[in-house]
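Chemist: Handing you this structure, nothing more for now.
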Amino acid sequence: MVAVIDDEGIGGIITRGRIFERMSGQFGLPLNGRRPASELCVAATTVQASIVAAAASHIALTRPPSAQSDPLIVLDGKTYAGVVGMHELLQQLLTEEVAEARLMSPLTGLPGNRLIRRQIEAAHSSEQSLLLLYADIDNFKSFNDRFGFAHGDAAISGLATALLEAADVCTCEPFVGHVGGDDFVLLVDERDLPAFRAALQVRLARRWFDPDRRLALDRLTVSIGGGPLAELHDRAYEDLGLVVAAAKRSLKEAGGDCFVVYPSLATFETVLERVA
């Protein structure tokens, strides 16, 4: 592949296949051999050097079929920076997806601990009024011991689905992560809380842990607690987890599907003093 550059920037590309096509036959070379490159090239697909592989792949694969195998021209601003072929681009995308998959929970497909930490630390610089919430299934160990790990896994997956479905009603994109076991962490914009809470209550009222109604159990409840993330912006990630976990544990005594967002998490910071 040859990139054709003129005074105005990228003029197009000339690929091996197209040059063979133009030069083949009895009259191909006589007719085209002395033509300038600008007359032999076709329009190029350009991307900026800062673009991620997933976005570049989307651009490449949404081109007309005749151009989908063409390489991409990489620009740094308006300056030619290089070229990337489709094979190399898709290989990079696959590598990134495999690396990302390793950070996801194998049971729920939700972001795991490393991605949760990354998301929360990034959220500290957000201008949104975010709520940090911690959710888990009440008396999960007893449920797991009674009905077995397969039903336990089904309950965890069911709660993950309920959280994701409720998150769909949010106008600002929320974050749902799976810490492990039956524990989940969420970031929800404060403005979306009423809609999210209402949607989740509807889903938890269904038999989310046993859709086939095979278990001799009427209810399995969930506790969700948390508060403003901004209050904890100066706390280390590990300390932050202790505080919201303490807030969630305080709901357990009430029983039932408890969903409490405290206006302040300051009262729960005493847990840090006990740990220190």
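Within each chain, counting starts at residue 1; across the structure tokens, chains are named A, B, ... in the order shown, with ligands numbered 1 upward in that order.
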Need the shell around Ile73 of chain A: protein/DNA/RNA residues with any atom at most 7 Å away, counting only C-alpha atoms. Skip same-chain ones fewer than 3 positions apart. Format as a list of chain:residue names?
Modeler: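 Here the qualifying residues turn out to be A:Ala44, A:Thr45, A:Thr46, A:Val47, A:Gly82, A:Val83, A:Val84.
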Chemist: Could you please write out, as a VMD selection string, every residue of segment 43-173 of chain A that DSSP assigns to strand (DSSP E)?
Modeler: chain A and resid 45 to 48 72 to 76 79 to 84 130 to 137
Chemist: Rounded to one decimal in Å, what is the spacing between atom CA of Glu238 of chain A and atom CA of Ala266 of chain A?
Modeler: 16.0 Å
Chemist: Can you pull out every residue within 9 Å of Pro211 of chain A, counting only C-alpha atoms, but drop anything in the same chain fewer than 4 positions away, and send it as a PyMOL selection string?
Modeler: chain A and resi 158+206-207
Chemist: Those selected residues, please, written with C-alpha atoms and delivered as a short mmCIF file (atom, residue, chain, number, x, y, z; two decimals), in the first residue's frame.
Modeler:
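Dumped to again.cif:
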data_model
loop_
_atom_site.label_atom_id
_atom_site.label_comp_id
_atom_site.auth_asym_id
_atom_site.auth_seq_id
_atom_site.Cartn_x
_atom_site.Cartn_y
_atom_site.Cartn_z
CA GLY A 158 -30.20 -12.85 38.94
CA ARG A 206 -40.14 -10.71 41.18
CA ARG A 207 -38.61 -14.16 41.75
#
